[in-house]
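Source file start10.csv; content: CSV, C-alpha atoms and all ligand atoms.
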```csv
chain,number,residue,atom,x,y,z
A,1,MET,CA,-13.6,-36.0,2.0
A,2,ALA,CA,-13.8,-33.1,-0.4
A,3,THR,CA,-14.2,-33.8,-4.0
A,4,ALA,CA,-12.9,-31.8,-6.9
A,5,LEU,CA,-15.2,-29.0,-8.1
A,6,THR,CA,-16.0,-29.4,-11.8
A,7,VAL,CA,-16.4,-26.5,-14.2
A,8,LYS,CA,-20.1,-27.5,-14.6
A,9,GLU,CA,-20.6,-27.3,-10.8
A,10,LEU,CA,-18.8,-23.9,-10.7
A,11,LEU,CA,-21.1,-22.5,-13.4
A,12,ALA,CA,-24.2,-23.8,-11.7
A,13,ARG,CA,-23.1,-22.1,-8.5
A,14,ASN,CA,-22.6,-18.9,-10.4
A,15,SER,CA,-26.2,-19.1,-11.8
A,16,GLU,CA,-27.4,-19.4,-8.2
A,17,TYR,CA,-25.3,-16.4,-7.2
A,18,ALA,CA,-26.3,-14.3,-10.1
A,19,GLU,CA,-30.0,-14.5,-9.1
A,20,GLY,CA,-29.2,-12.4,-6.0
A,21,HIS,CA,-26.3,-10.4,-7.4
A,22,GLN,CA,-26.2,-6.7,-6.6
A,23,ARG,CA,-24.9,-4.7,-9.6
A,24,ILE,CA,-21.9,-2.5,-8.8
A,25,PRO,CA,-21.3,0.9,-10.4
A,26,THR,CA,-19.2,1.0,-13.6
A,27,TRP,CA,-16.0,3.1,-13.8
A,28,GLU,CA,-18.0,5.5,-16.0
A,29,GLU,CA,-20.6,5.9,-13.4
A,30,LEU,CA,-18.0,6.4,-10.7
A,31,GLY,CA,-16.5,9.2,-12.7
A,32,ALA,CA,-19.9,10.9,-13.0
A,33,ALA,CA,-20.6,14.2,-11.2
A,34,GLY,CA,-21.7,13.7,-7.7
A,35,ALA,CA,-20.5,10.0,-7.6
A,36,PRO,CA,-18.2,9.1,-4.7
A,37,PRO,CA,-14.6,8.7,-5.8
A,38,PRO,CA,-13.6,5.1,-6.5
A,39,GLN,CA,-11.3,4.9,-3.5
A,40,ILE,CA,-14.3,5.3,-1.2
A,41,LEU,CA,-16.1,2.3,-2.8
A,42,ILE,CA,-13.1,0.0,-3.1
A,43,LYS,CA,-12.1,-1.6,0.2
A,44,ALA,CA,-9.5,-4.0,-0.9
A,45,LEU,CA,-7.9,-5.4,-4.1
A,46,VAL,CA,-6.5,-8.9,-3.9
A,47,PHE,CA,-3.8,-10.4,-6.1
A,48,ARG,CA,-3.5,-14.1,-5.5
A,49,THR,CA,-0.2,-15.6,-6.9
A,50,THR,CA,1.7,-18.8,-6.5
A,51,GLY,CA,3.7,-18.5,-3.3
A,52,ALA,CA,2.4,-14.9,-2.9
A,53,GLU,CA,5.2,-13.7,-5.1
A,54,THR,CA,4.9,-10.0,-6.0
A,55,LYS,CA,7.0,-9.6,-9.1
A,56,SER,CA,4.1,-10.6,-11.3
A,57,THR,CA,1.7,-8.2,-9.5
A,58,LEU,CA,3.7,-5.0,-9.8
A,59,PRO,CA,2.1,-3.9,-13.2
A,60,GLY,CA,-1.3,-4.5,-11.8
A,61,ILE,CA,-0.5,-2.6,-8.6
A,62,LEU,CA,0.9,0.3,-10.5
A,63,ALA,CA,-2.1,0.5,-12.9
A,64,LEU,CA,-4.7,0.3,-10.1
A,65,ASP,CA,-2.9,2.8,-8.0
A,66,THR,CA,-3.4,5.4,-10.8
A,67,LEU,CA,-7.2,4.7,-10.6
A,68,VAL,CA,-7.8,4.5,-6.9
A,69,SER,CA,-4.7,5.7,-5.0
A,70,LEU,CA,-3.9,2.6,-2.9
A,71,THR,CA,-3.3,3.3,0.8
A,72,ASP,CA,-1.6,0.0,1.9
A,73,ILE,CA,-0.1,-3.1,0.4
A,74,LEU,CA,-0.2,-6.3,2.5
A,75,VAL,CA,1.9,-9.2,1.4
A,76,VAL,CA,0.3,-12.3,3.0
A,77,LYS,CA,2.1,-15.6,2.9
A,78,HIS,CA,0.3,-18.6,4.4
A,79,THR,CA,1.3,-21.8,6.2
A,80,ASP,CA,1.2,-25.0,4.1
A,81,CYS,CA,1.7,-22.9,0.9
A,82,GLY,CA,2.4,-24.7,-2.4
A,83,GLY,CA,5.5,-22.4,-2.7
A,84,LEU,CA,7.1,-24.4,0.1
A,85,VAL,CA,7.0,-27.6,-2.1
A,86,ILE,CA,7.3,-26.1,-5.6
A,87,ARG,CA,11.0,-26.3,-6.7
A,88,ASP,CA,12.1,-23.9,-9.4
A,89,ALA,CA,14.5,-26.5,-10.9
A,90,ASN,CA,11.7,-29.2,-11.1
A,91,VAL,CA,9.3,-26.9,-12.9
A,92,LYS,CA,12.1,-25.8,-15.3
A,93,LYS,CA,13.1,-29.5,-16.0
A,94,GLN,CA,9.5,-30.4,-16.9
A,95,LEU,CA,9.1,-27.3,-19.1
A,96,LEU,CA,12.4,-28.0,-20.9
A,97,GLU,CA,11.1,-31.5,-21.7
A,98,LEU,CA,7.9,-30.1,-23.0
A,99,ALA,CA,9.5,-27.2,-25.0
A,100,PRO,CA,13.3,-27.7,-25.4
A,101,GLY,CA,13.4,-24.9,-27.9
A,102,SER,CA,12.3,-22.4,-25.3
A,103,GLU,CA,15.3,-22.9,-23.0
A,104,ASP,CA,16.2,-19.2,-22.7
A,105,LYS,CA,12.7,-18.2,-21.9
A,106,ILE,CA,12.3,-21.0,-19.3
A,107,LYS,CA,15.6,-20.3,-17.6
A,108,ALA,CA,14.6,-16.6,-17.2
A,109,MET,CA,11.4,-17.5,-15.4
A,110,GLN,CA,11.0,-17.9,-11.6
A,111,PHE,CA,8.4,-20.2,-10.1
A,112,ALA,CA,7.8,-18.8,-6.6
A,113,GLU,CA,9.6,-21.4,-4.6
A,114,ILE,CA,9.9,-20.6,-0.9
A,115,THR,CA,13.1,-22.1,0.6
A,116,GLY,CA,13.4,-20.2,3.8
A,117,THR,CA,10.8,-19.3,6.4
A,118,LEU,CA,7.5,-17.8,5.4
A,119,GLU,CA,8.4,-14.7,7.4
A,120,ASP,CA,11.6,-14.2,5.5
A,121,SER,CA,9.9,-14.8,2.2
A,122,ALA,CA,7.2,-12.2,3.0
A,123,GLU,CA,9.9,-9.7,4.0
A,124,GLU,CA,11.8,-10.4,0.7
A,125,GLU,CA,8.6,-9.6,-1.2
A,126,VAL,CA,8.1,-6.4,0.8
A,127,ALA,CA,11.7,-5.5,0.0
A,128,PHE,CA,11.2,-6.1,-3.7
A,129,LEU,CA,8.1,-3.8,-3.8
A,130,LYS,CA,9.9,-1.1,-1.7
A,131,SER,CA,12.8,-1.2,-4.1
A,132,SER,CA,10.7,-0.2,-7.1
A,133,GLU,CA,11.2,3.3,-8.2
A,134,LEU,CA,7.8,3.1,-9.8
A,135,LEU,CA,5.8,3.0,-6.6
A,136,ARG,CA,4.9,6.2,-4.8
A,137,PRO,CA,7.1,6.9,-1.7
A,138,GLU,CA,4.0,7.3,0.6
A,139,LEU,CA,2.6,4.0,-0.6
A,140,LYS,CA,6.0,2.3,-0.1
A,141,GLU,CA,5.8,3.3,3.6
A,142,CYS,CA,2.6,1.3,3.9
A,143,ILE,CA,3.9,-2.1,2.5
A,144,ARG,CA,3.9,-4.8,5.1
A,145,GLY,CA,4.4,-8.5,5.3
A,146,TYR,CA,2.3,-11.0,7.1
A,147,VAL,CA,1.9,-14.8,7.6
A,148,TRP,CA,-1.5,-16.3,7.8
A,149,ASN,CA,-1.5,-19.5,9.9
A,150,LEU,CA,-4.1,-21.9,8.4
A,151,GLU,CA,-4.2,-24.0,11.5
A,152,THR,CA,-5.2,-21.1,13.9
A,153,GLY,CA,-6.6,-18.6,11.4
A,154,ASP,CA,-4.3,-15.9,12.9
A,155,ILE,CA,-2.5,-13.4,10.7
A,156,LYS,CA,0.8,-12.2,12.2
A,157,ALA,CA,3.0,-9.4,11.0
A,158,THR,CA,6.5,-10.2,10.1
A,159,ALA,CA,9.3,-8.9,12.4
A,160,VAL,CA,9.9,-5.8,10.2
A,161,ALA,CA,6.2,-5.1,9.5
A,162,PHE,CA,6.1,-2.3,12.0
A,201,ZN,ZN,0.2,-20.4,-1.1
```
How does the structure come out when it is put into structure tokens?
Amino acid sequence: MATALTVKELLARNSEYAEGHQRIPTWEELGAAGAPPPQILIKALVFRTTGAETKSTLPGILALDTLVSLTDILVVKHTDCGGLVIRDANVKKQLLELAPGSEDKIKAMQFAEITGTLEDSAEEEVAFLKSSELLRPELKECIRGYVWNLETGDIKATAVAF
């Protein structure tokens, strides 16, 4: 049975990793004459969010797109996701007990609950991103939804992915 990883153990693992770490170029070095453009060096950027919701990632996506010109956005939900058991109302109830004076702020928040299928949820996130007037049209064409099955390891495209 797995045991919880402590911060002390995590830092010890980092010390081990750091001994063999290969330094990566800085943004300044990437901008130097003769250096390959950043998009050649960056293979993938990953935003991990509760329930793979995308609203909180939009500012990061927009900012990074200005640096590296993203080519694709994959929204990947997974089976047995915490979003399937998290309930927005339960989180809000607990927060209201903790901070009753912050009712307006708490009610305006969303906590990534997934109430339908994972496929539908992925497609809703794709639709949200595609509805943003701030994303480049050519990037919007390359936003797709997927579901990663933790039992089999397979990642399958949602019905509207292609
Ligand atoms: Zn999850």
- Message: Around ligand ZN 201 (chain A), which protein and nucleic acid residues have at least one atom no more than 9 Å from it, if we count all atoms listed in the file? List them as an MDAnalysis selection string.
- Response: chainID A and resid 48:52 77:84
- Query: Between atom CA of A:Asp88 and atom CA of A:Ala108, what is the distance, to one decimal in Å?
  - Reply: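 Separation between atom CA of A:Asp88 and atom CA of A:Ala108: 11.0 Å.
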- Computed interatomic separation between atom CA of A:Phe47 and atom CA of A:Phe128 (Å):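 About the pair atom CA of A:Phe47 and atom CA of A:Phe128: they are 15.8 Å apart.
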- Task: Could you check how far atom CA of A:Glu124 sits from atom CA of A:Gly145, in Å to one decimal?
- Result: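 Interatomic distance, atom CA of A:Glu124 to atom CA of A:Gly145: 8.9 Å.
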So that I can check the surroundings of A:Thr115, please list as a compact mmCIF listing (two decimals) with C-alpha atoms, in the coordinates of the input every protein, DNA and RNA residue that reaches within 9 Å of it, counting all atoms listed in the file and ignoring chain neighbours fewer than 2 positions away.
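As a result, around-v2.txt now contains:
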```
# COMPACT_ATOMS: atom_id res chain seq x y z
CA GLY A 83 5.50 -22.40 -2.70
CA LEU A 84 7.10 -24.40 0.10
CA VAL A 85 7.00 -27.60 -2.10
CA ARG A 87 11.00 -26.30 -6.70
CA GLU A 113 9.60 -21.40 -4.60
CA THR A 117 10.80 -19.30 6.40
CA LEU A 118 7.50 -17.80 5.40
CA SER A 121 9.90 -14.80 2.20
```
- Message: Within 12 Å of (8.3, 2.1, -10.1) in the file's own coordinates, which protein, DNA or RNA residues have an atom, counting all atoms listed in the file? List them as a list in words.
- Response: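 Counting all atoms listed in the file, I find these residues within 12 Å of (8.3, 2.1, -10.1): Lys55, Leu58, Pro59, Gly60, Ile61, Leu62, Ala63, Asp65, Phe128, Leu129, Lys130, Ser131, Ser132, Glu133, Leu134, Leu135, Arg136, Pro137, Leu139 and Lys140 of chain A.
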Output file for the residues above (C-alpha atoms, as a PDB file, keeping the file's coordinate frame):
```pdb
ATOM      1  CA  LYS A  55       7.000  -9.600  -9.100  1.00  0.00           C
ATOM      2  CA  LEU A  58       3.700  -5.000  -9.800  1.00  0.00           C
ATOM      3  CA  PRO A  59       2.100  -3.900 -13.200  1.00  0.00           C
ATOM      4  CA  GLY A  60      -1.300  -4.500 -11.800  1.00  0.00           C
ATOM      5  CA  ILE A  61      -0.500  -2.600  -8.600  1.00  0.00           C
ATOM      6  CA  LEU A  62       0.900   0.300 -10.500  1.00  0.00           C
ATOM      7  CA  ALA A  63      -2.100   0.500 -12.900  1.00  0.00           C
ATOM      8  CA  ASP A  65      -2.900   2.800  -8.000  1.00  0.00           C
ATOM      9  CA  PHE A 128      11.200  -6.100  -3.700  1.00  0.00           C
ATOM     10  CA  LEU A 129       8.100  -3.800  -3.800  1.00  0.00           C
ATOM     11  CA  LYS A 130       9.900  -1.100  -1.700  1.00  0.00           C
ATOM     12  CA  SER A 131      12.800  -1.200  -4.100  1.00  0.00           C
ATOM     13  CA  SER A 132      10.700  -0.200  -7.100  1.00  0.00           C
ATOM     14  CA  GLU A 133      11.200   3.300  -8.200  1.00  0.00           C
ATOM     15  CA  LEU A 134       7.800   3.100  -9.800  1.00  0.00           C
ATOM     16  CA  LEU A 135       5.800   3.000  -6.600  1.00  0.00           C
ATOM     17  CA  ARG A 136       4.900   6.200  -4.800  1.00  0.00           C
ATOM     18  CA  PRO A 137       7.100   6.900  -1.700  1.00  0.00           C
ATOM     19  CA  LEU A 139       2.600   4.000  -0.600  1.00  0.00           C
ATOM     20  CA  LYS A 140       6.000   2.300  -0.100  1.00  0.00           C
TER      21      LYS A 140
END
```
Can you list, as a JSON list (two decimals) with C-alpha atoms, in the coordinates of the input, every protein, DNA or RNA residue that comes within 9 Å of A:Glu123 when you count only C-alpha atoms, leaving out same-chain residues fewer than 3 positions away?
```
[["chain", "number", "residue", "atom", "x", "y", "z"],
["A", 75, "VAL", "CA", 1.90, -9.20, 1.40],
["A", 118, "LEU", "CA", 7.50, -17.80, 5.40],
["A", 119, "GLU", "CA", 8.40, -14.70, 7.40],
["A", 120, "ASP", "CA", 11.60, -14.20, 5.50],
["A", 126, "VAL", "CA", 8.10, -6.40, 0.80],
["A", 127, "ALA", "CA", 11.70, -5.50, 0.00],
["A", 128, "PHE", "CA", 11.20, -6.10, -3.70],
["A", 144, "ARG", "CA", 3.90, -4.80, 5.10],
["A", 145, "GLY", "CA", 4.40, -8.50, 5.30],
["A", 146, "TYR", "CA", 2.30, -11.00, 7.10],
["A", 158, "THR", "CA", 6.50, -10.20, 10.10],
["A", 159, "ALA", "CA", 9.30, -8.90, 12.40],
["A", 160, "VAL", "CA", 9.90, -5.80, 10.20],
["A", 161, "ALA", "CA", 6.20, -5.10, 9.50]]
```
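Residue neighbourhood of A:Leu64, excluding near-sequence residues (fewer than 4 positions): Pro38, Gln39, Ile42, Ala44, Leu45, Val46, Phe47, Thr57, Leu58, Pro59, Gly60, Val68, Ser69, Leu70, Thr71, Ile73 and Leu135 of chain A, at 12 Å, using only C-alpha atoms.
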Written-out stretch 105-136 of chain A (N, CA and C atoms) as a short mmCIF file (atom, residue, chain, number, x, y, z; two decimals), in the first residue's frame:
```
data_model
loop_
_atom_site.label_atom_id
_atom_site.label_comp_id
_atom_site.auth_asym_id
_atom_site.auth_seq_id
_atom_site.Cartn_x
_atom_site.Cartn_y
_atom_site.Cartn_z
N LYS A 105 -17.95 36.37 -3.00
CA LYS A 105 -16.77 35.82 -3.66
C LYS A 105 -16.90 34.30 -3.82
N ILE A 106 -17.36 33.63 -2.78
CA ILE A 106 -17.50 32.17 -2.81
C ILE A 106 -18.56 31.74 -3.82
N LYS A 107 -19.69 32.43 -3.83
CA LYS A 107 -20.77 32.06 -4.76
C LYS A 107 -20.36 32.26 -6.22
N ALA A 108 -19.44 33.19 -6.47
CA ALA A 108 -19.01 33.45 -7.84
C ALA A 108 -18.00 32.41 -8.34
N MET A 109 -17.45 31.63 -7.42
CA MET A 109 -16.43 30.64 -7.80
C MET A 109 -17.08 29.35 -8.32
N GLN A 110 -16.32 28.63 -9.15
CA GLN A 110 -16.76 27.32 -9.63
C GLN A 110 -15.67 26.31 -9.27
N PHE A 111 -16.08 25.12 -8.85
CA PHE A 111 -15.12 24.16 -8.34
C PHE A 111 -15.00 22.88 -9.15
N ALA A 112 -15.13 23.01 -10.45
CA ALA A 112 -14.76 21.95 -11.39
C ALA A 112 -15.48 20.63 -11.19
N GLU A 113 -16.74 20.67 -10.74
CA GLU A 113 -17.46 19.41 -10.64
C GLU A 113 -17.80 18.91 -12.04
N ILE A 114 -17.77 17.61 -12.20
CA ILE A 114 -18.15 16.98 -13.46
C ILE A 114 -19.40 16.16 -13.17
N THR A 115 -20.53 16.56 -13.75
CA THR A 115 -21.79 15.88 -13.44
C THR A 115 -22.25 14.97 -14.59
N GLY A 116 -21.74 15.21 -15.77
CA GLY A 116 -22.13 14.36 -16.91
C GLY A 116 -21.01 13.38 -17.22
N THR A 117 -20.88 13.02 -18.49
CA THR A 117 -19.81 12.11 -18.87
C THR A 117 -18.50 12.88 -19.00
N LEU A 118 -17.41 12.15 -18.93
CA LEU A 118 -16.10 12.79 -19.12
C LEU A 118 -15.97 13.34 -20.53
N GLU A 119 -16.54 12.62 -21.50
CA GLU A 119 -16.49 13.09 -22.88
C GLU A 119 -17.22 14.43 -23.02
N ASP A 120 -18.44 14.50 -22.45
CA ASP A 120 -19.19 15.75 -22.52
C ASP A 120 -18.44 16.87 -21.81
N SER A 121 -17.84 16.56 -20.68
CA SER A 121 -17.11 17.57 -19.93
C SER A 121 -15.91 18.09 -20.74
N ALA A 122 -15.19 17.17 -21.39
CA ALA A 122 -14.06 17.58 -22.22
C ALA A 122 -14.54 18.47 -23.36
N GLU A 123 -15.66 18.09 -23.97
CA GLU A 123 -16.19 18.88 -25.08
C GLU A 123 -16.65 20.27 -24.61
N GLU A 124 -17.18 20.34 -23.39
CA GLU A 124 -17.58 21.65 -22.85
C GLU A 124 -16.36 22.54 -22.65
N GLU A 125 -15.26 21.95 -22.20
CA GLU A 125 -14.03 22.75 -22.02
C GLU A 125 -13.49 23.21 -23.36
N VAL A 126 -13.54 22.33 -24.34
CA VAL A 126 -13.10 22.70 -25.69
C VAL A 126 -13.96 23.85 -26.21
N ALA A 127 -15.27 23.74 -26.00
CA ALA A 127 -16.19 24.79 -26.47
C ALA A 127 -15.90 26.11 -25.77
N PHE A 128 -15.57 26.03 -24.47
CA PHE A 128 -15.24 27.26 -23.75
C PHE A 128 -14.01 27.93 -24.37
N LEU A 129 -12.97 27.16 -24.59
CA LEU A 129 -11.75 27.75 -25.17
C LEU A 129 -12.02 28.31 -26.56
N LYS A 130 -12.78 27.54 -27.36
CA LYS A 130 -13.06 27.99 -28.73
C LYS A 130 -13.94 29.24 -28.75
N SER A 131 -14.66 29.49 -27.67
CA SER A 131 -15.53 30.67 -27.63
C SER A 131 -14.75 31.94 -27.26
N SER A 132 -13.50 31.79 -26.89
CA SER A 132 -12.73 32.97 -26.49
C SER A 132 -12.28 33.76 -27.72
N GLU A 133 -12.61 35.03 -27.72
CA GLU A 133 -12.17 35.90 -28.80
C GLU A 133 -10.69 36.24 -28.66
N LEU A 134 -10.08 35.83 -27.57
CA LEU A 134 -8.68 36.16 -27.31
C LEU A 134 -7.71 35.12 -27.88
N LEU A 135 -8.21 33.96 -28.23
CA LEU A 135 -7.34 32.93 -28.83
C LEU A 135 -7.27 33.12 -30.34
N ARG A 136 -6.10 32.88 -30.91
CA ARG A 136 -5.93 33.01 -32.36
C ARG A 136 -6.83 31.99 -33.08
#
```
